[in-house]
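See structure below.
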Amino acid sequence: PISIDPNLTNCVPIKPSFGNPTIINCCPPVSHNIIDFEFPVNPKIKVRPAAHLVNVTYIQNYKEAVRRMKALPPDDPRNFYQQANIHCTYCDGAYQQAGFPNLDFQIHESWLFFPFHRWYIYFYERILASLIVDLDPNFAIPFWNWDSPDGMQIPAYYHIDPKSPLYDSLRNVNHLPPALINLDYEYGRKDQNKPETNLQIVYRSVVSTAKTPSLFFGAAYRAGDKSFPGGGSVEMVLHGAVHQWTGEGKNYGEDMGTFYSAARDPIFYSHHANIDRLWTIWKTLGGKRKDITDSDWLESGFLFYDENKNLVRVKVKDCLDTTKLGYVYQDVDVQWLNAKP
Ligand code: C2O
């Protein structure tokens, strides 16, 4: 097959992108026992809630789950920092493509972007949920609803308490509430967008400039291809803007603003839950807006540790229906659908 797989037996320390000279080793604990993904049997469908709409009990449980995850032994693949490192390994060249030792395995700016991050946060969520079954057997991670006017700030519980496991000191202090997010932000910009402008940017990225699968998902990336063939509209605009806007902007963008450190910020997973949610909405918009049918995409694979520390091989084709994975998104008002510029 010419679908793509990482070569996990050969993980190397990386030199981060964007000129950062630090060498970073983010390779995971090694396991030679890889199992193939199987769907959960009759999963009880969990609902991922909008981050700004959850109640106090939910927030307490969520914090407790992340606290327990951070408290796991450092070499436990379920540990929060190990989870964060997964992003580093798949994004900065720690893995090469199986069969192509000179080519990085890179999951950004190509058609792997949506499915990789869906699988990634799916396993992160399974691990978190497993750590608090005693508190909430139906726990699902919140999505940062930055595409809705009420969600256009960093949710309070991510930033007000420096002792909270959800806090991250490496965020742009000028962008803490009451600052409103800027959905076409790039480093250096000082202006803020109005909610209506943000809604128009979302409309453009998800609807008008994403009329076909390749415009939405990004360009094909097969075994033997060079990294970064081209990202889709949501990845390149909304996704990147939220990363850069949240990150501190010093030290090469840590945490959220650069690949190797982005997932060290707990808000990363809520940001990506929203990206993931936009995929589910996009598919309902009609026309050619459907998943890719090319088998090279469908058969592409990734590896993740699950909540039992098993290393699991997953394929893109198995993540296309979130209900089969056992989750949906809270149904909230989607105002940008009426925000045609
Ligand atoms: Cu893998 Cu939001 O980046």
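Residue names in the structure tokens use chain letters A, B, ... in the order shown, residue numbers from 1 in each chain, and ligand numbers from 1 in the order shown.
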* Residue neighbourhood Asp150 (chain A), 10 Å, only C-alpha atoms, exclusion window fewer than 5 positions, as a list in words ->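 Result of the neighbour search: His52, Leu53, Asn145, Pro155, Leu180 and Pro195 of chain A.
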Any chance you can output those residues with N, CA and C atoms as a PDB file, in the first residue's frame?
```pdb
ATOM      1  N   HIS A  52     -17.624  26.543  27.674  1.00  0.00           N
ATOM      2  CA  HIS A  52     -18.155  27.648  28.474  1.00  0.00           C
ATOM      3  C   HIS A  52     -19.538  27.341  29.057  1.00  0.00           C
ATOM      4  N   LEU A  53     -20.073  26.153  28.775  1.00  0.00           N
ATOM      5  CA  LEU A  53     -21.422  25.844  29.253  1.00  0.00           C
ATOM      6  C   LEU A  53     -21.451  24.784  30.359  1.00  0.00           C
ATOM      7  N   ASN A 145     -15.517  26.414  22.299  1.00  0.00           N
ATOM      8  CA  ASN A 145     -16.493  26.835  21.286  1.00  0.00           C
ATOM      9  C   ASN A 145     -16.174  28.246  20.764  1.00  0.00           C
ATOM     10  N   PRO A 155     -11.725  29.997  28.283  1.00  0.00           N
ATOM     11  CA  PRO A 155     -12.666  29.700  29.374  1.00  0.00           C
ATOM     12  C   PRO A 155     -12.002  29.898  30.739  1.00  0.00           C
ATOM     13  N   LEU A 180     -11.055  39.131  23.447  1.00  0.00           N
ATOM     14  CA  LEU A 180     -11.787  38.268  22.527  1.00  0.00           C
ATOM     15  C   LEU A 180     -10.818  37.699  21.509  1.00  0.00           C
ATOM     16  N   PRO A 195     -16.936  39.987  17.314  1.00  0.00           N
ATOM     17  CA  PRO A 195     -17.552  38.668  17.129  1.00  0.00           C
ATOM     18  C   PRO A 195     -18.061  38.455  15.706  1.00  0.00           C
TER      19      PRO A 195
END
```
* Given a cut-off of 10 Å, what residues near ligand 1 show up using only C-alpha atoms and all ligand atoms, put as a ChimeraX atom specification? -> /A:86-88,90-91,106-109,113-114,116-117,120,235,238-244,256-263,268-269,271-273,275
Would you export the selected residues with C-alpha atoms as a PDB file, in the first residue's frame, please?
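Output file again.pdb is given in full below:
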```
ATOM      1  CA  ILE A  86       2.820  12.555  21.128  1.00  0.00           C
ATOM      2  CA  HIS A  87       2.201  15.821  19.354  1.00  0.00           C
ATOM      3  CA  CYS A  88       5.896  16.586  19.322  1.00  0.00           C
ATOM      4  CA  TYR A  90       4.333  13.383  14.972  1.00  0.00           C
ATOM      5  CA  CYS A  91       4.955  17.024  14.161  1.00  0.00           C
ATOM      6  CA  GLN A 106       4.406  14.794   9.540  1.00  0.00           C
ATOM      7  CA  ILE A 107       0.712  15.101  10.236  1.00  0.00           C
ATOM      8  CA  HIS A 108       0.214  18.822   9.588  1.00  0.00           C
ATOM      9  CA  GLU A 109      -0.570  20.612   6.351  1.00  0.00           C
ATOM     10  CA  PHE A 113      -4.484  16.689   9.839  1.00  0.00           C
ATOM     11  CA  PHE A 114      -8.125  15.975  10.739  1.00  0.00           C
ATOM     12  CA  PHE A 116      -4.678  12.300  13.221  1.00  0.00           C
ATOM     13  CA  HIS A 117      -5.975  14.845  15.706  1.00  0.00           C
ATOM     14  CA  TYR A 120      -5.149  11.694  19.265  1.00  0.00           C
ATOM     15  CA  GLU A 235      -6.217  24.075   9.485  1.00  0.00           C
ATOM     16  CA  LEU A 238      -8.820  29.028  12.242  1.00  0.00           C
ATOM     17  CA  HIS A 239      -6.624  26.315  13.676  1.00  0.00           C
ATOM     18  CA  GLY A 240      -3.383  28.199  13.280  1.00  0.00           C
ATOM     19  CA  ALA A 241      -4.835  31.479  14.510  1.00  0.00           C
ATOM     20  CA  VAL A 242      -6.070  29.968  17.775  1.00  0.00           C
ATOM     21  CA  HIS A 243      -2.687  28.347  18.376  1.00  0.00           C
ATOM     22  CA  GLN A 244      -0.738  31.536  17.804  1.00  0.00           C
ATOM     23  CA  MET A 256       0.401  26.633  22.095  1.00  0.00           C
ATOM     24  CA  GLY A 257       2.185  28.484  19.321  1.00  0.00           C
ATOM     25  CA  THR A 258       4.607  25.789  18.209  1.00  0.00           C
ATOM     26  CA  PHE A 259       4.321  22.102  17.371  1.00  0.00           C
ATOM     27  CA  TYR A 260       6.544  20.404  19.946  1.00  0.00           C
ATOM     28  CA  SER A 261       5.019  22.172  22.954  1.00  0.00           C
ATOM     29  CA  ALA A 262       1.427  22.903  21.871  1.00  0.00           C
ATOM     30  CA  ALA A 263      -0.103  19.900  23.607  1.00  0.00           C
ATOM     31  CA  PHE A 268      -4.909  22.247  23.260  1.00  0.00           C
ATOM     32  CA  TYR A 269      -7.298  19.295  23.572  1.00  0.00           C
ATOM     33  CA  HIS A 271      -9.126  23.587  20.846  1.00  0.00           C
ATOM     34  CA  HIS A 272      -8.778  20.396  18.850  1.00  0.00           C
ATOM     35  CA  ALA A 273     -12.130  19.092  20.009  1.00  0.00           C
ATOM     36  CA  ILE A 275     -11.629  21.605  15.190  1.00  0.00           C
TER      37      ILE A 275
END
```
* **Proximity to Leu170 (chain A) - best of A:Pro341, A:Gly230, A:Gly249, A:Pro21, only C-alpha atoms** =>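 Looking at the shortest contact to Leu170 (chain A), the residue is A:Gly249.
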* From region 109-205 of chain A, collect each residue whose DSSP state is helix (DSSP H, G or I) and return the set as a PyMOL selection string. => chain A and resi 113-131+149-151+156-158+173-175+195-205
Those same residues - N, CA and C atoms - I'd like them written as a CSV table (one decimal), in the first residue's frame.
```csv
chain,number,residue,atom,x,y,z
A,113,PHE,N,-4.2,15.8,8.7
A,113,PHE,CA,-4.5,16.7,9.8
A,113,PHE,C,-5.7,16.3,10.6
A,114,PHE,N,-6.9,16.2,10.0
A,114,PHE,CA,-8.1,16.0,10.7
A,114,PHE,C,-8.1,14.6,11.4
A,115,PRO,N,-7.9,13.5,10.6
A,115,PRO,CA,-7.9,12.2,11.3
A,115,PRO,C,-6.9,12.0,12.3
A,116,PHE,N,-5.7,12.5,12.2
A,116,PHE,CA,-4.7,12.3,13.2
A,116,PHE,C,-5.2,12.9,14.5
A,117,HIS,N,-5.6,14.2,14.5
A,117,HIS,CA,-6.0,14.8,15.7
A,117,HIS,C,-7.3,14.3,16.3
A,118,ARG,N,-8.1,13.7,15.5
A,118,ARG,CA,-9.3,13.1,16.0
A,118,ARG,C,-8.9,11.9,16.8
A,119,TRP,N,-8.0,11.0,16.3
A,119,TRP,CA,-7.6,9.9,17.0
A,119,TRP,C,-6.8,10.3,18.3
A,120,TYR,N,-6.0,11.3,18.1
A,120,TYR,CA,-5.1,11.7,19.3
A,120,TYR,C,-6.0,12.1,20.5
A,121,ILE,N,-7.0,13.0,20.3
A,121,ILE,CA,-7.7,13.4,21.4
A,121,ILE,C,-8.7,12.4,21.9
A,122,TYR,N,-9.1,11.4,21.0
A,122,TYR,CA,-9.9,10.3,21.4
A,122,TYR,C,-9.2,9.5,22.4
A,123,PHE,N,-8.0,9.2,22.2
A,123,PHE,CA,-7.2,8.3,23.2
A,123,PHE,C,-7.0,9.2,24.5
A,124,TYR,N,-6.6,10.4,24.3
A,124,TYR,CA,-6.5,11.3,25.5
A,124,TYR,C,-7.7,11.3,26.3
A,125,GLU,N,-8.9,11.4,25.7
A,125,GLU,CA,-10.1,11.4,26.4
A,125,GLU,C,-10.4,10.0,27.1
A,126,ARG,N,-10.1,9.0,26.4
A,126,ARG,CA,-10.3,7.6,27.0
A,126,ARG,C,-9.5,7.5,28.2
A,127,ILE,N,-8.2,8.0,28.2
A,127,ILE,CA,-7.4,7.9,29.3
A,127,ILE,C,-7.9,8.7,30.5
A,128,LEU,N,-8.2,10.0,30.2
A,128,LEU,CA,-8.8,10.9,31.2
A,128,LEU,C,-10.0,10.3,31.8
A,129,ALA,N,-10.9,9.8,31.0
A,129,ALA,CA,-12.2,9.2,31.5
A,129,ALA,C,-11.9,8.0,32.4
A,130,SER,N,-10.9,7.2,32.0
A,130,SER,CA,-10.6,6.0,32.8
A,130,SER,C,-10.0,6.4,34.2
A,131,LEU,N,-9.5,7.6,34.3
A,131,LEU,CA,-8.9,8.0,35.6
A,131,LEU,C,-9.9,8.5,36.6
A,149,PRO,N,-20.0,33.4,19.7
A,149,PRO,CA,-19.7,34.7,20.4
A,149,PRO,C,-19.5,34.4,21.9
A,150,ASP,N,-20.3,33.6,22.5
A,150,ASP,CA,-20.1,33.3,23.9
A,150,ASP,C,-18.8,32.5,24.3
A,151,GLY,N,-18.2,31.9,23.3
A,151,GLY,CA,-17.0,31.1,23.6
A,151,GLY,C,-15.7,31.7,23.1
A,156,ALA,N,-12.8,30.5,31.7
A,156,ALA,CA,-12.2,30.9,33.0
A,156,ALA,C,-11.4,29.8,33.7
A,157,TYR,N,-11.9,28.6,33.7
A,157,TYR,CA,-11.2,27.6,34.5
A,157,TYR,C,-9.8,27.2,33.9
A,158,TYR,N,-9.5,27.6,32.7
A,158,TYR,CA,-8.2,27.4,32.2
A,158,TYR,C,-7.1,28.4,32.7
A,173,VAL,N,-0.4,36.8,27.9
A,173,VAL,CA,-1.3,37.5,29.0
A,173,VAL,C,-2.2,38.5,28.4
A,174,ASN,N,-1.9,39.1,27.3
A,174,ASN,CA,-2.8,40.1,26.7
A,174,ASN,C,-4.0,39.4,26.1
A,175,HIS,N,-4.0,38.1,26.0
A,175,HIS,CA,-5.1,37.4,25.4
A,175,HIS,C,-6.0,36.7,26.4
A,195,PRO,N,-16.9,40.0,17.3
A,195,PRO,CA,-17.6,38.7,17.1
A,195,PRO,C,-18.1,38.5,15.7
A,196,GLU,N,-18.7,39.5,15.1
A,196,GLU,CA,-19.2,39.3,13.8
A,196,GLU,C,-18.1,39.0,12.7
A,197,THR,N,-17.0,39.7,12.9
A,197,THR,CA,-15.9,39.4,12.0
A,197,THR,C,-15.4,38.0,12.2
A,198,ASN,N,-15.3,37.5,13.4
A,198,ASN,CA,-14.9,36.1,13.6
A,198,ASN,C,-15.9,35.2,13.0
A,199,LEU,N,-17.1,35.4,13.1
A,199,LEU,CA,-18.1,34.5,12.5
A,199,LEU,C,-18.0,34.5,11.0
A,200,GLN,N,-17.6,35.6,10.4
A,200,GLN,CA,-17.4,35.6,8.9
A,200,GLN,C,-16.2,34.8,8.6
A,201,ILE,N,-15.2,34.9,9.4
A,201,ILE,CA,-14.0,34.1,9.1
A,201,ILE,C,-14.3,32.6,9.2
A,202,VAL,N,-15.1,32.2,10.2
A,202,VAL,CA,-15.4,30.8,10.3
A,202,VAL,C,-16.2,30.4,9.1
A,203,TYR,N,-17.2,31.2,8.7
A,203,TYR,CA,-18.0,30.9,7.5
A,203,TYR,C,-17.1,30.7,6.3
A,204,ARG,N,-16.2,31.6,6.1
A,204,ARG,CA,-15.3,31.5,5.0
A,204,ARG,C,-14.5,30.2,5.0
A,205,SER,N,-13.9,29.9,6.2
A,205,SER,CA,-13.0,28.7,6.3
A,205,SER,C,-13.8,27.4,6.2
```
* Asked: Quick one: of A:Ser270, A:Ser110, A:Asn172, A:Asn182, who's nearest to Ala219 (chain A), counting only C-alpha atoms?
  ->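 Looking only at the distances to Ala219 (chain A), the closest residue turns out to be A:Ser110.
CA of Ile281 (chain A) lies 11.7 Å from CA of Asp333 (chain A).
Backbone DSSP of region 61-255 of chain A yields strand (DSSP E) at Tyr95, Gln96, Gln97, Phe100, Pro101, Asn102, Leu103 and Asp104 of chain A.
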* Polymer residues at most 6 Å from region 283-290 of chain A, only C-alpha atoms, same-chain spacing of 2 or more positions, as a VMD selection string -> chain A and resid 212 to 213 280 to 281
The selected residues should be written to file as a PDB file, in the first residue's frame (atoms: N, CA and C atoms).
```
ATOM      1  N   THR A 212     -14.757  21.429  -1.427  1.00  0.00           N
ATOM      2  CA  THR A 212     -14.401  20.061  -1.841  1.00  0.00           C
ATOM      3  C   THR A 212     -13.575  19.409  -0.734  1.00  0.00           C
ATOM      4  N   PRO A 213     -13.500  18.069  -0.766  1.00  0.00           N
ATOM      5  CA  PRO A 213     -12.696  17.389   0.250  1.00  0.00           C
ATOM      6  C   PRO A 213     -11.258  17.906   0.301  1.00  0.00           C
ATOM      7  N   THR A 280     -17.307  17.508  11.817  1.00  0.00           N
ATOM      8  CA  THR A 280     -18.637  16.864  11.836  1.00  0.00           C
ATOM      9  C   THR A 280     -19.696  17.807  11.253  1.00  0.00           C
ATOM     10  N   ILE A 281     -19.555  19.104  11.476  1.00  0.00           N
ATOM     11  CA  ILE A 281     -20.540  20.053  10.928  1.00  0.00           C
ATOM     12  C   ILE A 281     -20.356  20.185   9.413  1.00  0.00           C
TER      13      ILE A 281
END
```
* Asked: Do you have the CA of Pro101 (chain A)-CA of Pro6 (chain A) distance handy?
  -> 10.2 Å
* Ile292 (chain A) environment, 10 Å, only C-alpha atoms, sequence neighbours closer than 2 positions dropped, as a ChimeraX atom specification -> /A:111,212-214,216-217,220,289-290,294-298,317,320
* Contacts of Met69 (chain A) at 7 Å or less, counting only C-alpha atoms, minus same-chain residues fewer than 4 places along, as a PyMOL selection string? -> chain A and resi 65+78-80+128
* Could you please determine the separation between CA of Glu254 (chain A) and CA of Pro162 (chain A) in Å, to one decimal place? => 17.1 Å
